[in-house]
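Coordinates from model-v6.pdb are shown below (PDB, C-alpha atoms and all ligand atoms).
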ATOM      1  CA  MET B   1      39.227  -0.193  -5.016  1.00  0.00           C
ATOM      2  CA  SER B   2      37.461   1.998  -7.575  1.00  0.00           C
ATOM      3  CA  LEU B   3      36.056   5.067  -5.884  1.00  0.00           C
ATOM      4  CA  VAL B   4      33.918   7.590  -7.728  1.00  0.00           C
ATOM      5  CA  LEU B   5      32.797  10.782  -6.014  1.00  0.00           C
ATOM      6  CA  TYR B   6      29.965  12.903  -7.382  1.00  0.00           C
ATOM      7  CA  LYS B   7      30.643  16.382  -6.119  1.00  0.00           C
ATOM      8  CA  VAL B   8      30.459  20.159  -6.174  1.00  0.00           C
ATOM      9  CA  ASP B   9      33.429  21.635  -4.335  1.00  0.00           C
ATOM     10  CA  ARG B  10      31.554  24.550  -2.792  1.00  0.00           C
ATOM     11  CA  SER B  11      29.289  22.138  -0.866  1.00  0.00           C
ATOM     12  CA  PRO B  12      30.319  21.684   2.805  1.00  0.00           C
ATOM     13  CA  PRO B  13      29.403  17.965   2.906  1.00  0.00           C
ATOM     14  CA  VAL B  14      31.455  17.398  -0.251  1.00  0.00           C
ATOM     15  CA  ARG B  15      34.398  19.200   1.348  1.00  0.00           C
ATOM     16  CA  ALA B  16      34.165  16.942   4.416  1.00  0.00           C
ATOM     17  CA  VAL B  17      34.516  13.938   2.100  1.00  0.00           C
ATOM     18  CA  LEU B  18      37.372  15.571   0.164  1.00  0.00           C
ATOM     19  CA  MET B  19      39.275  16.259   3.408  1.00  0.00           C
ATOM     20  CA  THR B  20      38.781  12.643   4.523  1.00  0.00           C
ATOM     21  CA  ILE B  21      39.993  11.365   1.148  1.00  0.00           C
ATOM     22  CA  GLU B  22      43.009  13.677   1.411  1.00  0.00           C
ATOM     23  CA  ILE B  23      43.941  12.405   4.894  1.00  0.00           C
ATOM     24  CA  LEU B  24      43.531   8.783   3.823  1.00  0.00           C
ATOM     25  CA  GLU B  25      45.471   9.477   0.605  1.00  0.00           C
ATOM     26  CA  LEU B  26      42.877   7.649  -1.463  1.00  0.00           C
ATOM     27  CA  LYS B  27      42.774   7.614  -5.236  1.00  0.00           C
ATOM     28  CA  TYR B  28      39.369   8.403  -6.704  1.00  0.00           C
ATOM     29  CA  LYS B  29      37.644   9.624  -9.810  1.00  0.00           C
ATOM     30  CA  SER B  30      35.510  12.724  -9.461  1.00  0.00           C
ATOM     31  CA  ILE B  31      32.400  13.641 -11.383  1.00  0.00           C
ATOM     32  CA  GLU B  32      31.170  17.218 -11.161  1.00  0.00           C
ATOM     33  CA  VAL B  33      27.414  17.577 -10.746  1.00  0.00           C
ATOM     34  CA  ASN B  34      26.164  20.932 -11.951  1.00  0.00           C
ATOM     35  CA  THR B  35      23.468  21.457  -9.328  1.00  0.00           C
ATOM     36  CA  LEU B  36      22.871  25.043 -10.476  1.00  0.00           C
ATOM     37  CA  ALA B  37      21.845  23.610 -13.855  1.00  0.00           C
ATOM     38  CA  GLY B  38      19.694  20.947 -12.144  1.00  0.00           C
ATOM     39  CA  GLU B  39      21.857  17.950 -13.092  1.00  0.00           C
ATOM     40  CA  HIS B  40      21.150  16.402  -9.689  1.00  0.00           C
ATOM     41  CA  LEU B  41      17.431  16.310 -10.509  1.00  0.00           C
ATOM     42  CA  LYS B  42      17.845  14.391 -13.788  1.00  0.00           C
ATOM     43  CA  PRO B  43      16.534  10.805 -13.861  1.00  0.00           C
ATOM     44  CA  GLU B  44      20.061   9.356 -14.302  1.00  0.00           C
ATOM     45  CA  TYR B  45      21.219  10.988 -11.054  1.00  0.00           C
ATOM     46  CA  LEU B  46      17.963  10.342  -9.178  1.00  0.00           C
ATOM     47  CA  GLU B  47      18.363   6.673  -9.974  1.00  0.00           C
ATOM     48  CA  LYS B  48      21.758   6.749  -8.266  1.00  0.00           C
ATOM     49  CA  ASN B  49      20.656   9.005  -5.407  1.00  0.00           C
ATOM     50  CA  PRO B  50      16.924   9.583  -4.844  1.00  0.00           C
ATOM     51  CA  MET B  51      17.890  12.220  -2.210  1.00  0.00           C
ATOM     52  CA  HIS B  52      19.347  14.229  -5.157  1.00  0.00           C
ATOM     53  CA  THR B  53      22.261  15.458  -3.057  1.00  0.00           C
ATOM     54  CA  VAL B  54      26.001  15.656  -3.373  1.00  0.00           C
ATOM     55  CA  PRO B  55      28.236  14.074  -2.246  1.00  0.00           C
ATOM     56  CA  LEU B  56      27.514  10.605  -3.557  1.00  0.00           C
ATOM     57  CA  LEU B  57      30.151   7.895  -3.395  1.00  0.00           C
ATOM     58  CA  GLU B  58      30.407   4.789  -5.540  1.00  0.00           C
ATOM     59  CA  ASP B  59      32.790   2.051  -4.544  1.00  0.00           C
ATOM     60  CA  GLY B  60      32.492  -0.519  -7.292  1.00  0.00           C
ATOM     61  CA  LYS B  61      28.849  -1.533  -7.284  1.00  0.00           C
ATOM     62  CA  PHE B  62      28.245  -0.128  -3.814  1.00  0.00           C
ATOM     63  CA  SER B  63      26.841   3.358  -3.628  1.00  0.00           C
ATOM     64  CA  LEU B  64      26.364   5.677  -0.642  1.00  0.00           C
ATOM     65  CA  ALA B  65      24.873   9.134  -0.106  1.00  0.00           C
ATOM     66  CA  ASP B  66      25.351  11.499   2.851  1.00  0.00           C
ATOM     67  CA  SER B  67      28.775  12.811   3.790  1.00  0.00           C
ATOM     68  CA  HIS B  68      28.577  11.486   7.350  1.00  0.00           C
ATOM     69  CA  ALA B  69      27.844   7.973   6.151  1.00  0.00           C
ATOM     70  CA  ILE B  70      30.521   8.304   3.463  1.00  0.00           C
ATOM     71  CA  ILE B  71      33.370   9.482   5.718  1.00  0.00           C
ATOM     72  CA  THR B  72      32.745   6.809   8.347  1.00  0.00           C
ATOM     73  CA  TYR B  73      32.603   4.193   5.568  1.00  0.00           C
ATOM     74  CA  LEU B  74      35.865   5.396   4.008  1.00  0.00           C
ATOM     75  CA  VAL B  75      37.756   5.400   7.296  1.00  0.00           C
ATOM     76  CA  SER B  76      36.292   2.047   8.359  1.00  0.00           C
ATOM     77  CA  LYS B  77      37.136   0.425   5.039  1.00  0.00           C
ATOM     78  CA  TYR B  78      40.329   2.137   3.918  1.00  0.00           C
ATOM     79  CA  GLY B  79      41.758   3.858   6.995  1.00  0.00           C
ATOM     80  CA  ALA B  80      43.361   0.925   8.798  1.00  0.00           C
ATOM     81  CA  ASP B  81      46.428   2.886   9.925  1.00  0.00           C
ATOM     82  CA  LYS B  82      44.552   6.124  10.702  1.00  0.00           C
ATOM     83  CA  ARG B  83      41.324   4.684  12.118  1.00  0.00           C
ATOM     84  CA  GLU B  84      42.449   4.737  15.749  1.00  0.00           C
ATOM     85  CA  ASP B  85      42.276   8.533  15.850  1.00  0.00           C
ATOM     86  CA  LEU B  86      39.780   9.461  13.148  1.00  0.00           C
ATOM     87  CA  TYR B  87      37.073   6.939  14.063  1.00  0.00           C
ATOM     88  CA  PRO B  88      38.292   4.678  16.875  1.00  0.00           C
ATOM     89  CA  ASN B  89      36.898   1.302  17.827  1.00  0.00           C
ATOM     90  CA  ASP B  90      36.574   2.488  21.438  1.00  0.00           C
ATOM     91  CA  LEU B  91      32.800   2.542  21.853  1.00  0.00           C
ATOM     92  CA  GLY B  92      32.621   5.662  24.015  1.00  0.00           C
ATOM     93  CA  ILE B  93      34.794   7.781  21.720  1.00  0.00           C
ATOM     94  CA  ARG B  94      33.055   6.438  18.626  1.00  0.00           C
ATOM     95  CA  ALA B  95      29.650   7.222  20.123  1.00  0.00           C
ATOM     96  CA  THR B  96      30.792  10.775  20.911  1.00  0.00           C
ATOM     97  CA  ILE B  97      32.040  11.199  17.338  1.00  0.00           C
ATOM     98  CA  ASN B  98      28.705   9.868  16.047  1.00  0.00           C
ATOM     99  CA  GLN B  99      26.813  12.320  18.248  1.00  0.00           C
ATOM    100  CA  ARG B 100      28.849  15.218  16.797  1.00  0.00           C
ATOM    101  CA  LEU B 101      28.230  13.917  13.266  1.00  0.00           C
ATOM    102  CA  TYR B 102      24.469  13.739  13.939  1.00  0.00           C
ATOM    103  CA  PHE B 103      24.670  17.259  15.377  1.00  0.00           C
ATOM    104  CA  ASP B 104      26.219  18.406  12.106  1.00  0.00           C
ATOM    105  CA  ALA B 105      23.742  16.462   9.944  1.00  0.00           C
ATOM    106  CA  GLY B 106      20.660  17.317  11.980  1.00  0.00           C
ATOM    107  CA  VAL B 107      21.342  20.815  13.296  1.00  0.00           C
ATOM    108  CA  LEU B 108      24.366  22.655  11.890  1.00  0.00           C
ATOM    109  CA  PHE B 109      24.034  21.902   8.185  1.00  0.00           C
ATOM    110  CA  PRO B 110      20.217  22.378   8.014  1.00  0.00           C
ATOM    111  CA  LYS B 111      20.626  25.791   9.688  1.00  0.00           C
ATOM    112  CA  LEU B 112      23.159  26.745   7.023  1.00  0.00           C
ATOM    113  CA  MET B 113      20.799  25.598   4.262  1.00  0.00           C
ATOM    114  CA  ALA B 114      17.951  27.592   5.828  1.00  0.00           C
ATOM    115  CA  ILE B 115      20.094  30.705   5.363  1.00  0.00           C
ATOM    116  CA  SER B 116      21.778  29.965   2.031  1.00  0.00           C
ATOM    117  CA  ARG B 117      18.817  28.519   0.067  1.00  0.00           C
ATOM    118  CA  PRO B 118      16.753  31.752   0.153  1.00  0.00           C
ATOM    119  CA  MET B 119      19.945  33.697  -0.621  1.00  0.00           C
ATOM    120  CA  PHE B 120      20.537  31.552  -3.721  1.00  0.00           C
ATOM    121  CA  ARG B 121      16.912  32.163  -4.729  1.00  0.00           C
ATOM    122  CA  LYS B 122      17.541  35.895  -4.191  1.00  0.00           C
ATOM    123  CA  GLU B 123      14.725  36.047  -1.657  1.00  0.00           C
ATOM    124  CA  THR B 124      17.079  37.320   1.069  1.00  0.00           C
ATOM    125  CA  THR B 125      20.565  38.801   1.239  1.00  0.00           C
ATOM    126  CA  GLY B 126      21.622  37.137   4.471  1.00  0.00           C
ATOM    127  CA  PRO B 127      20.572  35.584   7.751  1.00  0.00           C
ATOM    128  CA  SER B 128      17.729  37.118   9.761  1.00  0.00           C
ATOM    129  CA  PRO B 129      18.486  38.329  13.320  1.00  0.00           C
ATOM    130  CA  GLN B 130      16.826  35.157  14.611  1.00  0.00           C
ATOM    131  CA  GLN B 131      19.037  32.998  12.394  1.00  0.00           C
ATOM    132  CA  VAL B 132      22.136  34.866  13.609  1.00  0.00           C
ATOM    133  CA  GLU B 133      21.029  34.150  17.170  1.00  0.00           C
ATOM    134  CA  GLU B 134      20.518  30.454  16.355  1.00  0.00           C
ATOM    135  CA  ILE B 135      23.946  30.142  14.726  1.00  0.00           C
ATOM    136  CA  GLU B 136      25.567  31.885  17.672  1.00  0.00           C
ATOM    137  CA  GLU B 137      23.861  29.390  19.942  1.00  0.00           C
ATOM    138  CA  THR B 138      25.544  26.596  17.984  1.00  0.00           C
ATOM    139  CA  TYR B 139      28.900  28.418  18.359  1.00  0.00           C
ATOM    140  CA  GLY B 140      28.228  28.323  22.109  1.00  0.00           C
ATOM    141  CA  ILE B 141      27.519  24.576  22.001  1.00  0.00           C
ATOM    142  CA  LEU B 142      30.768  23.918  20.117  1.00  0.00           C
ATOM    143  CA  GLU B 143      32.621  26.191  22.548  1.00  0.00           C
ATOM    144  CA  SER B 144      31.334  24.010  25.410  1.00  0.00           C
ATOM    145  CA  TYR B 145      32.514  20.810  23.704  1.00  0.00           C
ATOM    146  CA  LEU B 146      35.914  22.392  23.116  1.00  0.00           C
ATOM    147  CA  ARG B 147      36.209  23.441  26.741  1.00  0.00           C
ATOM    148  CA  GLN B 148      36.039  19.725  27.563  1.00  0.00           C
ATOM    149  CA  SER B 149      38.739  18.640  25.094  1.00  0.00           C
ATOM    150  CA  LYS B 150      41.155  19.977  22.492  1.00  0.00           C
ATOM    151  CA  PHE B 151      39.142  18.535  19.599  1.00  0.00           C
ATOM    152  CA  LEU B 152      35.401  18.056  19.258  1.00  0.00           C
ATOM    153  CA  ALA B 153      35.348  14.445  20.392  1.00  0.00           C
ATOM    154  CA  GLY B 154      38.462  14.110  22.511  1.00  0.00           C
ATOM    155  CA  LYS B 155      42.160  14.807  22.441  1.00  0.00           C
ATOM    156  CA  HIS B 156      42.696  13.679  18.847  1.00  0.00           C
ATOM    157  CA  LEU B 157      41.460  15.084  15.568  1.00  0.00           C
ATOM    158  CA  SER B 158      38.555  12.911  14.428  1.00  0.00           C
ATOM    159  CA  LEU B 159      35.846  12.726  11.801  1.00  0.00           C
ATOM    160  CA  ALA B 160      33.783  14.979  14.088  1.00  0.00           C
ATOM    161  CA  ASP B 161      36.230  17.831  13.488  1.00  0.00           C
ATOM    162  CA  ILE B 162      36.453  17.198   9.760  1.00  0.00           C
ATOM    163  CA  SER B 163      32.709  17.145   9.244  1.00  0.00           C
ATOM    164  CA  ILE B 164      31.958  20.135  11.458  1.00  0.00           C
ATOM    165  CA  VAL B 165      34.796  22.324  10.211  1.00  0.00           C
ATOM    166  CA  ALA B 166      33.406  22.080   6.682  1.00  0.00           C
ATOM    167  CA  THR B 167      30.111  23.551   7.939  1.00  0.00           C
ATOM    168  CA  ILE B 168      31.548  26.048  10.434  1.00  0.00           C
ATOM    169  CA  SER B 169      34.074  27.491   7.991  1.00  0.00           C
ATOM    170  CA  THR B 170      31.074  28.235   5.767  1.00  0.00           C
ATOM    171  CA  TYR B 171      28.995  29.707   8.622  1.00  0.00           C
ATOM    172  CA  GLU B 172      31.931  31.988   9.349  1.00  0.00           C
ATOM    173  CA  ILE B 173      31.520  33.692   5.966  1.00  0.00           C
ATOM    174  CA  LEU B 174      28.099  34.926   7.049  1.00  0.00           C
ATOM    175  CA  ILE B 175      28.332  35.144  10.835  1.00  0.00           C
ATOM    176  CA  PRO B 176      31.784  35.946  12.228  1.00  0.00           C
ATOM    177  CA  ILE B 177      33.031  33.952  15.175  1.00  0.00           C
ATOM    178  CA  THR B 178      33.837  36.600  17.781  1.00  0.00           C
ATOM    179  CA  ASN B 179      36.226  36.293  20.713  1.00  0.00           C
ATOM    180  CA  LYS B 180      33.199  35.385  22.802  1.00  0.00           C
ATOM    181  CA  TYR B 181      34.113  31.886  21.580  1.00  0.00           C
ATOM    182  CA  PRO B 182      37.892  31.655  22.242  1.00  0.00           C
ATOM    183  CA  ARG B 183      38.140  27.853  22.182  1.00  0.00           C
ATOM    184  CA  LEU B 184      36.193  27.676  18.927  1.00  0.00           C
ATOM    185  CA  LEU B 185      38.532  30.252  17.334  1.00  0.00           C
ATOM    186  CA  GLU B 186      41.565  28.338  18.596  1.00  0.00           C
ATOM    187  CA  TRP B 187      40.198  25.048  17.229  1.00  0.00           C
ATOM    188  CA  LEU B 188      39.412  26.642  13.867  1.00  0.00           C
ATOM    189  CA  ASN B 189      42.937  28.017  13.647  1.00  0.00           C
ATOM    190  CA  ILE B 190      44.429  24.585  14.323  1.00  0.00           C
ATOM    191  CA  LEU B 191      42.290  23.140  11.523  1.00  0.00           C
ATOM    192  CA  LYS B 192      43.078  26.025   9.144  1.00  0.00           C
ATOM    193  CA  ASN B 193      46.775  25.216   9.497  1.00  0.00           C
ATOM    194  CA  CYS B 194      46.367  21.555   8.519  1.00  0.00           C
ATOM    195  CA  ASP B 195      47.445  20.534   5.019  1.00  0.00           C
ATOM    196  CA  PHE B 196      44.265  18.565   4.374  1.00  0.00           C
ATOM    197  CA  TYR B 197      42.179  21.683   5.193  1.00  0.00           C
ATOM    198  CA  LYS B 198      44.266  23.878   2.893  1.00  0.00           C
ATOM    199  CA  LYS B 199      44.142  21.364   0.042  1.00  0.00           C
ATOM    200  CA  ALA B 200      40.619  20.017   0.291  1.00  0.00           C
ATOM    201  CA  ASN B 201      38.491  22.625   2.106  1.00  0.00           C
ATOM    202  CA  VAL B 202      39.879  25.983   1.026  1.00  0.00           C
ATOM    203  CA  PRO B 203      39.307  25.797  -2.760  1.00  0.00           C
ATOM    204  CA  GLY B 204      35.559  25.063  -2.444  1.00  0.00           C
ATOM    205  CA  LEU B 205      35.243  27.419   0.512  1.00  0.00           C
ATOM    206  CA  LEU B 206      36.614  30.286  -1.587  1.00  0.00           C
ATOM    207  CA  GLN B 207      34.053  29.485  -4.287  1.00  0.00           C
ATOM    208  CA  ILE B 208      31.087  29.616  -1.892  1.00  0.00           C
ATOM    209  CA  LYS B 209      32.576  32.707  -0.180  1.00  0.00           C
ATOM    210  CA  GLU B 210      32.593  34.588  -3.471  1.00  0.00           C
ATOM    211  CA  ILE B 211      29.023  33.546  -4.261  1.00  0.00           C
ATOM    212  CA  LEU B 212      27.657  34.350  -0.787  1.00  0.00           C
ATOM    213  CA  GLU B 213      29.421  37.703  -0.687  1.00  0.00           C
ATOM    214  CA  GLN B 214      27.919  38.651  -4.050  1.00  0.00           C
ATOM    215  CA  LEU B 215      24.472  37.472  -2.982  1.00  0.00           C
ATOM    216  CA  SER B 216      24.743  39.435   0.262  1.00  0.00           C
ATOM    217  CA  GLN B 217      25.345  42.578  -1.783  1.00  0.00           C
ATOM    218  CA  GLY B 218      22.282  41.782  -3.878  1.00  0.00           C
ATOM    219  CA  ILE B 219      24.409  40.993  -6.969  1.00  0.00           C
TER     220      ILE B 219
HETATM  221  N1  LIG S   1      23.179  15.379   4.782  1.00  0.00           N
HETATM  222  C1  LIG S   1      23.702  15.455   3.442  1.00  0.00           C
HETATM  223  C2  LIG S   1      23.403  16.813   2.843  1.00  0.00           C
HETATM  224  C3  LIG S   1      23.865  16.925   1.409  1.00  0.00           C
HETATM  225  C4  LIG S   1      23.281  18.146   0.724  1.00  0.00           C
HETATM  226  O1  LIG S   1      22.169  18.607   1.048  1.00  0.00           O
HETATM  227  N2  LIG S   1      24.018  18.645  -0.269  1.00  0.00           N
HETATM  228  C5  LIG S   1      23.545  19.802  -1.004  1.00  0.00           C
HETATM  229  C6  LIG S   1      24.720  20.608  -1.516  1.00  0.00           C
HETATM  230  S1  LIG S   1      25.507  21.435  -0.197  1.00  0.00           S
HETATM  231  C7  LIG S   1      22.749  19.307  -2.203  1.00  0.00           C
HETATM  232  O2  LIG S   1      23.150  18.370  -2.839  1.00  0.00           O
HETATM  233  N3  LIG S   1      21.619  19.952  -2.481  1.00  0.00           N
HETATM  234  C8  LIG S   1      20.812  19.645  -3.605  1.00  0.00           C
HETATM  235  C9  LIG S   1      19.434  19.213  -3.214  1.00  0.00           C
HETATM  236  O3  LIG S   1      19.151  19.046  -2.006  1.00  0.00           O
HETATM  237  O4  LIG S   1      18.617  19.057  -4.116  1.00  0.00           O
HETATM  238  C10 LIG S   1      25.202  15.165   3.446  1.00  0.00           C
HETATM  239  O5  LIG S   1      25.829  15.333   4.494  1.00  0.00           O
HETATM  240  O6  LIG S   1      25.729  14.704   2.435  1.00  0.00           O
END

Would you mind giving the structure from this file in structure tokens?
Amino acid sequence: MSLVLYKVDRSPPVRAVLMTIEILELKYKSIEVNTLAGEHLKPEYLEKNPMHTVPLLEDGKFSLADSHAIITYLVSKYGADKREDLYPNDLGIRATINQRLYFDAGVLFPKLMAISRPMFRKETTGPSPQQVEEIEETYGILESYLRQSKFLAGKHLSLADISIVATISTYEILIPITNKYPRLLEWLNILKNCDFYKKANVPGLLQIKEILEQLSQGI
């Protein structure tokens, strides 16, 4: 195995991959991509990843973009002893996990980008009232899932939780999760107390928190 991860720690999708790597106890080499300096748009990087995003994983000659694809690949290939919970073979549970991952990829993360991109460009200092409403709607959706089960795709922690907590912990910087969403708060607290969250999500989360807080004050 020779894993290389192209990353920026403040990125939620990168943090989802870092948490997965931490749980699986995988050895890897990391390469920082300075996206603020446009390194991800250079021909060398575009050749590796035409989507010009981080994370990007290389496993020998095989290369894969998109955190959701990466974490399912890592668990499927290297998670033999942990696969049964994180990404089980049971078709129903696996399909539910996939649905949550697509929800993150197709709804949650794009909504975060729609808020943070204009903030980074200094066009706005935070979400609009409509964006707050949209994010709160997603909190409500997650609350409903968590009323059905302890974790987002059943009774065990799975890749659904890992992927979505990376996004939601970033949302929370901008739009607090109120006690209107008790199950979501409870779930987040469980995750916040996990070692993999502390080691692999918190450092990058603190970086983006500092940046977003400065941007929200117009600094
Ligand atoms: N769906 C992708 C999204 C990745 C993504 O958009 N990453 C951002 C950083 S948070 C990025 O690389 N943006 C640079 C760009 O889009 O040019 C994933 O889950 O990996």

Subject >> At most 7 Å from ligand LIG 1 (chain S) (only C-alpha atoms and all ligand atoms): residue list as a ChimeraX atom specification >> reply: /B:11-14,35,40,51-55,65-68,105

Subject >> Distance query Lys150 in chain B at most 10 Å, all atoms listed in the file, self and fewer than 2 positions along chain excluded, as number ranges by chain >> reply: B: 145-148, 152-157, 183-184, 186-187, 190

File of the preceding selection, C-alpha atoms, as a PDB file, keeping the file's coordinate frame:
ATOM      1  CA  TYR B 145      32.514  20.810  23.704  1.00  0.00           C
ATOM      2  CA  LEU B 146      35.914  22.392  23.116  1.00  0.00           C
ATOM      3  CA  ARG B 147      36.209  23.441  26.741  1.00  0.00           C
ATOM      4  CA  GLN B 148      36.039  19.725  27.563  1.00  0.00           C
ATOM      5  CA  LEU B 152      35.401  18.056  19.258  1.00  0.00           C
ATOM      6  CA  ALA B 153      35.348  14.445  20.392  1.00  0.00           C
ATOM      7  CA  GLY B 154      38.462  14.110  22.511  1.00  0.00           C
ATOM      8  CA  LYS B 155      42.160  14.807  22.441  1.00  0.00           C
ATOM      9  CA  HIS B 156      42.696  13.679  18.847  1.00  0.00           C
ATOM     10  CA  LEU B 157      41.460  15.084  15.568  1.00  0.00           C
ATOM     11  CA  ARG B 183      38.140  27.853  22.182  1.00  0.00           C
ATOM     12  CA  LEU B 184      36.193  27.676  18.927  1.00  0.00           C
ATOM     13  CA  GLU B 186      41.565  28.338  18.596  1.00  0.00           C
ATOM     14  CA  TRP B 187      40.198  25.048  17.229  1.00  0.00           C
ATOM     15  CA  ILE B 190      44.429  24.585  14.323  1.00  0.00           C
TER      16      ILE B 190
END

Subject >> Interatomic distance, CA of Tyr171 in chain B to CA of Glu25 in chain B (Å, one decimal) >> reply: 27.3 Å

Original post:
Which residues match the PyMOL selection byres (((chain B and resi 77) around 12) and not hetatm) in the file above, as an MDAnalysis selection string?
Top reply: chainID B and resid 1 3 21 24 26 59 70:76 78:83 87

Original post:
Which one of B:Asp161, B:Asp9, B:Glu39, B:Glu47 sits closest to Ile97 in chain B if you count all atoms listed in the file?
Top reply: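 Going through B:Asp161, B:Asp9, B:Glu39, B:Glu47 one by one, the smallest distance to Ile97 in chain B is for B:Asp161.
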
Original post:
What's the 12 Å shell around Cys194 in chain B, counting all atoms listed in the file, without same-chain residues fewer than 2 positions away, as a PyMOL selection string?
Top reply: chain B and resi 19+22-23+157+161-162+165+187-192+196-202

**OP:** Report the distance between CA of Lys180 in chain B and CA of Ile141 in chain B in Å, rounded to one decimal place.
**Re:** 12.2 Å

**OP:** Quick one: pull the distance between CA of Gly218 in chain B and CA of Gln131 in chain B, Å, one decimal.
**Re:** 18.8 Å

Original post:
With all atoms listed in the file as the basis for distance, which of B:Pro118, B:Pro129, B:Gly38, B:Leu108 is at the shortest distance from Ile168 in chain B?
Top reply: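 Looking at the shortest contact to Ile168 in chain B, the residue is B:Leu108.
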
**OP:** Carefully work through the PyMOL selection byres (((chain B and resi 29) around 8) and not hetatm) for this structure and note down the residues it includes, as JSON, numbers by chain.
**Re:** {"B": [2, 3, 4, 5, 27, 28, 30, 31]}

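Near Thr138 in chain B, within 10 Å and counting all atoms listed in the file, sit Phe103, Val107, Leu108, Lys111, Val132, Glu133, Glu143, Ser144 and Ile168 of chain B; same-chain residues fewer than 5 positions away were not included.
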
Using only C-alpha atoms, please write the residues we just selected to a file, as a PDB file, keeping the file's coordinate frame.
ATOM      1  CA  PHE B 103      24.670  17.259  15.377  1.00  0.00           C
ATOM      2  CA  VAL B 107      21.342  20.815  13.296  1.00  0.00           C
ATOM      3  CA  LEU B 108      24.366  22.655  11.890  1.00  0.00           C
ATOM      4  CA  LYS B 111      20.626  25.791   9.688  1.00  0.00           C
ATOM      5  CA  VAL B 132      22.136  34.866  13.609  1.00  0.00           C
ATOM      6  CA  GLU B 133      21.029  34.150  17.170  1.00  0.00           C
ATOM      7  CA  GLU B 143      32.621  26.191  22.548  1.00  0.00           C
ATOM      8  CA  SER B 144      31.334  24.010  25.410  1.00  0.00           C
ATOM      9  CA  ILE B 168      31.548  26.048  10.434  1.00  0.00           C
TER      10      ILE B 168
END

**OP:** Excluding Ile115 in chain B and any residue of its chain fewer than 4 positions from it, enumerate the residues within 7 Å of it, using only C-alpha atoms, and give them as a ChimeraX atom specification.
**Re:** /B:111,119,126-127

**OP:** Counting all atoms listed in the file, figure out which residue out of B:Glu44, B:Glu32, B:Glu137, B:Asp104 gets nearest to Ser163 in chain B.
**Re:**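 Looking only at the distances to Ser163 in chain B, the closest residue turns out to be B:Asp104.
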
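Shortest atom-to-atom contact with Leu101 in chain B among B:Ile164, B:Met113, B:Ile177, B:Leu41: B:Ile164, counting all atoms listed in the file.
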
**OP:** Could you check which of B:Pro43, B:Pro176, B:Pro88, B:Gly60 is closest to Ser158 in chain B, using all atoms listed in the file?
**Re:**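 Looking only at the distances to Ser158 in chain B, the closest residue turns out to be B:Pro88.
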
**OP:** Compare B:Glu172, B:Asn89, B:Leu185, B:Lys122 by their minimum atom-to-atom distance to Gln217 in chain B, counting all atoms listed in the file, and give me the closest one.
**Re:**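 Ranked by minimum distance to Gln217 in chain B, first place goes to B:Lys122.
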
Original post:
Can you list, as number ranges by chain, every protein, DNA or RNA residue that comes within 10 Å of Leu212 in chain B when you count only C-alpha atoms, leaving out same-chain residues fewer than 2 positions away?
Top reply: B: 116, 119-120, 125-126, 170, 173-174, 206-210, 214-219

Next, dump the selected residues to file, keeping only C-alpha atoms, as a PDB file, in the coordinates of the input.
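Final output, selection.pdb:
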ATOM      1  CA  SER B 116      21.778  29.965   2.031  1.00  0.00           C
ATOM      2  CA  MET B 119      19.945  33.697  -0.621  1.00  0.00           C
ATOM      3  CA  PHE B 120      20.537  31.552  -3.721  1.00  0.00           C
ATOM      4  CA  THR B 125      20.565  38.801   1.239  1.00  0.00           C
ATOM      5  CA  GLY B 126      21.622  37.137   4.471  1.00  0.00           C
ATOM      6  CA  THR B 170      31.074  28.235   5.767  1.00  0.00           C
ATOM      7  CA  ILE B 173      31.520  33.692   5.966  1.00  0.00           C
ATOM      8  CA  LEU B 174      28.099  34.926   7.049  1.00  0.00           C
ATOM      9  CA  LEU B 206      36.614  30.286  -1.587  1.00  0.00           C
ATOM     10  CA  GLN B 207      34.053  29.485  -4.287  1.00  0.00           C
ATOM     11  CA  ILE B 208      31.087  29.616  -1.892  1.00  0.00           C
ATOM     12  CA  LYS B 209      32.576  32.707  -0.180  1.00  0.00           C
ATOM     13  CA  GLU B 210      32.593  34.588  -3.471  1.00  0.00           C
ATOM     14  CA  GLN B 214      27.919  38.651  -4.050  1.00  0.00           C
ATOM     15  CA  LEU B 215      24.472  37.472  -2.982  1.00  0.00           C
ATOM     16  CA  SER B 216      24.743  39.435   0.262  1.00  0.00           C
ATOM     17  CA  GLN B 217      25.345  42.578  -1.783  1.00  0.00           C
ATOM     18  CA  GLY B 218      22.282  41.782  -3.878  1.00  0.00           C
ATOM     19  CA  ILE B 219      24.409  40.993  -6.969  1.00  0.00           C
TER      20      ILE B 219
END
